[in-house]
Each structure stands twice: as C-alpha cells, then as structure tokens.
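What follows is one structure encoded as structure tokens, with my remarks underneath.
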Amino acid sequence: MVASSSGGRCDEPEVRDPEASSGAEPGGTTESWTGIVPTVDGCRARGIVRHAGRVTGESGDGWAEGPGGARYWGRYGAAGLLLVEPGGSVLLQHRAAWSHFGGTWGIPGGARHRGESALDAAVREATEETGMPPGVVTERFESVLDLGFWSYTTVVADAALRFEPRLADPESIALRWTPVLAVDALPLHPRFAEAWPALRARLGDPTAR
C-alpha cells in the first residue's frame, strides 16, 4: 500500500472478493484469495486484523483526518516495504479492484500501530500480504512523506533471497518481482508513481545501502 486519501467510494457492504477467481499474472503468484472482504468505516478493507507478529501498541487501523476533510489510512501514519531481491528486482503489489486506486501497482504496506517503528510496520504488513518468510529483510534506507498530521514511510530493504510471494489477504490481485527498468511501464498508484523516480535513483546508488 502507498500513501492515499479516502477519496474513492467506500460505501459497499461486506461482499465476497470479486477478484477471487482471477488467474496469475506473468511472473506473479498462482494463488488467489477466496475469503470474505471485511469492512472498516464502510470501506471493504481491514475489518479483521491478522498480525504476523506480536503487536505491543494500540492498533492504528483507522483514518487520520487532515485539513479540508482529507482522510488517510493509518491513525499513527503508515509504512510500506520496497523490497529488493538479490538479482535487483523489486516486489510489487497489484492492488485489488475494490481498493482505492484499484488495479494499480504499488508496494505492500499499511497502517502503523501506536509506538511501532516504520520498519516493524512495513515488515509486518508485507508479511501479512505476501507470506514473506521471517528474517530475510535488511533495511537500506527510509523515505518519508510527512503531511504534518499524517506520514507515510517507504522502507527500502534488501531480501536475503528471492522467495515466492503468495496472496495472503484480499488486498492484492497479484504479487510480482519486477525488474527496476520495467516498473515505469506499469500503471502505478499515483503516490508511488510520484515517489518512484527518487527511489529508483537511490536504488542505483551504492552509498544508499
């Protein structure tokens, strides 16, 4: 997940995921989600929180509201994981159609819990959404979008191995290891598209490791 406000429609009741029968994409996982999509504040999102690790603080699942009524997911901010495998490809998430900017590509992520570091939140969310095995992440750097009342932190990290991602929750249509040079050709989530050029430049800079 990448930074986004709640400008999309969020009034649908709880329903079965319309993408449950979708097939795999080239280079992506072959699994599909077949569960019930839960609701939060009228939005089909994180009504049921399944944590990959122990949560020591208050849940951040919920909206943060800013000036003009704009709402952003994560009461204590949000974080996402831009993971780089040994061959240099990055792990991208094809967002489910029902989500905000559905059908676009971004990175796994979500709300930070109270007192939770951006790294811990990004790893927890990526584990929940991709089935990432434990102990494979080494952080490179963080990039922060700070709006004052809310922030989104992109945690860029190396994966010790190229694991096979799996669709572990209803937020994704597909998960794919994508060569850096192929990212720009995808329909990217608008906020990720804005951040990507600077992130791509830093990925190519050995001093950023």
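Quick note on naming: the chains in the structure tokens go A, B, ... in the order shown, residues restart at 1 in each chain, and ligands are numbered from 1 in order of appearance.
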Using only C-alpha atoms, what table do you get, as CSV, when you list each residue of region 50-106 of chain A with an atom no more than 8 Å from region 166-175 of chain A, its nearest pair of atoms, and their distance in Å rounded to one decimal, rows by chain then rising number?
residue,atom,partner,partner_atom,distance
A:Leu91,CA,A:Leu175,CA,7.0
A:Leu92,CA,A:Leu175,CA,5.7
A:Gln93,CA,A:Leu175,CA,4.7
A:His94,CA,A:Ala174,CA,5.1
A:Arg95,CA,A:Ser172,CA,4.7
A:Ala96,CA,A:Ser172,CA,4.8
A:Ala97,CA,A:Ile173,CA,7.9
A:Ser99,CA,A:Glu171,CA,7.1
A:Gly103,CA,A:Ile173,CA,7.9
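Every protein or nucleic acid residue with an atom no more than 6 Å from region 59-70 of chain A, counting only C-alpha atoms and leaving out same-chain residues fewer than 6 positions away, appears here: A:Tyr76, A:Ala111, A:Arg112, A:His113.
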Residues as selected, N, CA and C atoms, written as a JSON list (two decimals), in the first residue's frame, can you do that?
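Wrote result.json, looks like this:
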[["chain", "number", "residue", "atom", "x", "y", "z"],
["A", 76, "TYR", "N", -1.83, 6.37, 13.11],
["A", 76, "TYR", "CA", -0.48, 6.79, 13.52],
["A", 76, "TYR", "C", 0.47, 6.81, 12.33],
["A", 111, "ALA", "N", -1.19, 0.52, 7.80],
["A", 111, "ALA", "CA", -1.17, 1.39, 8.97],
["A", 111, "ALA", "C", -0.12, 0.97, 9.99],
["A", 112, "ARG", "N", 0.52, 1.96, 10.60],
["A", 112, "ARG", "CA", 1.42, 1.72, 11.73],
["A", 112, "ARG", "C", 0.60, 1.70, 13.01],
["A", 113, "HIS", "N", 1.01, 0.84, 13.93],
["A", 113, "HIS", "CA", 0.37, 0.84, 15.24],
["A", 113, "HIS", "C", 1.06, 1.83, 16.16]]
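Proximity ranking of A:Ala157, A:Phe192, A:Pro179, A:Phe163 relative to Arg140 (chain A) places A:Ala157 first, based on only C-alpha atoms.
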Those in region 61-158 of chain A with alpha helix (DSSP H) from DSSP, as a PyMOL selection string: chain A and resi 118-130
Separating CA of Trp73 (chain A) from CA of Asp158 (chain A), to the nearest tenth of an Å, is a gap of 25.8 Å
Counting only C-alpha atoms, the residue among A:His189, A:Arg162, A:Arg124, A:Arg200 that lies closest to Gly106 (chain A) is A:His189
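The nearest approach to Ala198 (chain A) among the residues A:Thr154, A:Arg75, A:Pro165, A:Ala185, with only C-alpha atoms taken into account, belongs to A:Thr154.
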Computed interatomic separation between CA of Asp205 (chain A) and CA of Gly77 (chain A) (Å): 27.7 Å
Residues at most 9 Å from Gly109 (chain A), counting only C-alpha atoms, excluding those fewer than 6 positions away in the same chain, as a VMD selection string? chain A and resid 1 to 2 78 to 81 121 to 126 129 154
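If only C-alpha atoms are the atoms counted, then among A:Tyr72, A:Glu58, A:Ala182, A:Leu83 the closest residue to Leu147 (chain A) is A:Tyr72.
Put simply, CA of Glu139 (chain A) is 26.4 Å away from CA of Pro187 (chain A).
Comparing A:Pro108, A:Glu194, A:Gly87, A:Gly148 by their smallest distance to Gly131 (chain A), the closest is A:Pro108 (using only C-alpha atoms).
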Selection near Leu203 (chain A), 10 Å with only C-alpha atoms, sequence-local residues under 5 positions removed, as a PyMOL selection string: chain A and resi 84+88+140-141+156-157+180+197-198+208-209
Expected file contents, prior selection, all heavy atoms, as a CSV table (one decimal), in the first residue's frame:
chain,number,residue,atom,x,y,z
A,84,VAL,N,14.0,-5.4,-2.3
A,84,VAL,CA,14.9,-5.7,-3.5
A,84,VAL,C,15.5,-7.1,-3.3
A,84,VAL,O,16.2,-7.4,-2.3
A,84,VAL,CB,16.0,-4.6,-3.6
A,84,VAL,CG1,16.8,-4.9,-4.9
A,84,VAL,CG2,15.4,-3.2,-3.5
A,88,GLY,N,18.1,-7.9,-8.0
A,88,GLY,CA,17.9,-6.5,-8.3
A,88,GLY,C,16.4,-6.1,-8.6
A,88,GLY,O,16.0,-5.0,-8.7
A,140,ARG,N,17.8,-0.8,4.0
A,140,ARG,CA,18.8,0.1,3.3
A,140,ARG,C,18.6,1.6,3.8
A,140,ARG,O,19.5,2.2,4.4
A,140,ARG,CB,18.6,0.1,1.8
A,140,ARG,CG,19.1,-1.1,1.1
A,140,ARG,CD,19.3,-0.7,-0.4
A,140,ARG,NE,19.4,-1.8,-1.3
A,140,ARG,CZ,19.6,-1.8,-2.6
A,140,ARG,NH1,19.7,-0.6,-3.1
A,140,ARG,NH2,19.7,-2.8,-3.3
A,141,PHE,N,17.4,2.1,3.6
A,141,PHE,CA,17.1,3.5,4.0
A,141,PHE,C,15.5,3.7,4.0
A,141,PHE,O,14.8,2.8,3.6
A,141,PHE,CB,17.7,4.5,3.0
A,141,PHE,CG,17.2,4.4,1.6
A,141,PHE,CD1,16.1,5.0,1.1
A,141,PHE,CD2,17.9,3.6,0.6
A,141,PHE,CE1,15.6,4.9,-0.2
A,141,PHE,CE2,17.5,3.5,-0.7
A,141,PHE,CZ,16.3,4.2,-1.1
A,156,VAL,N,13.0,1.0,2.3
A,156,VAL,CA,13.6,0.2,1.2
A,156,VAL,C,14.6,-0.7,1.9
A,156,VAL,O,15.4,-0.4,2.7
A,156,VAL,CB,14.4,1.2,0.3
A,156,VAL,CG1,15.1,0.5,-0.8
A,156,VAL,CG2,13.4,2.3,-0.3
A,157,ALA,N,14.5,-2.0,1.5
A,157,ALA,CA,15.3,-3.0,2.1
A,157,ALA,C,15.7,-4.1,1.1
A,157,ALA,O,15.1,-4.3,0.0
A,157,ALA,CB,14.5,-3.7,3.2
A,180,VAL,N,13.7,-3.4,-12.1
A,180,VAL,CA,13.6,-1.9,-11.8
A,180,VAL,C,13.3,-1.2,-13.1
A,180,VAL,O,12.4,-0.3,-13.1
A,180,VAL,CB,14.9,-1.4,-11.2
A,180,VAL,CG1,15.0,0.1,-11.2
A,180,VAL,CG2,15.1,-1.9,-9.8
A,197,PRO,N,10.6,7.9,-9.0
A,197,PRO,CA,11.9,8.3,-9.6
A,197,PRO,C,13.0,8.6,-8.6
A,197,PRO,O,14.2,8.2,-8.9
A,197,PRO,CB,11.5,9.7,-10.3
A,197,PRO,CG,10.0,9.5,-10.6
A,197,PRO,CD,9.5,8.7,-9.5
A,198,ALA,N,12.7,9.2,-7.5
A,198,ALA,CA,13.7,9.4,-6.4
A,198,ALA,C,14.2,8.1,-5.8
A,198,ALA,O,15.4,7.9,-5.5
A,198,ALA,CB,13.2,10.3,-5.4
A,208,ALA,N,23.7,4.3,-0.9
A,208,ALA,CA,22.4,4.3,-0.2
A,208,ALA,C,22.2,3.0,0.5
A,208,ALA,O,21.2,2.8,1.2
A,208,ALA,CB,21.3,4.5,-1.2
A,209,ARG,N,23.1,2.0,0.4
A,209,ARG,CA,22.9,0.7,1.0
A,209,ARG,C,23.2,0.9,2.5
A,209,ARG,O,24.0,1.7,2.9
A,209,ARG,CB,23.8,-0.3,0.4
A,209,ARG,CG,23.4,-0.7,-1.0
A,209,ARG,CD,24.3,-1.7,-1.6
A,209,ARG,NE,23.9,-2.1,-2.9
A,209,ARG,CZ,23.0,-3.0,-3.2
A,209,ARG,NH1,22.5,-3.7,-2.3
A,209,ARG,NH2,22.7,-3.3,-4.5
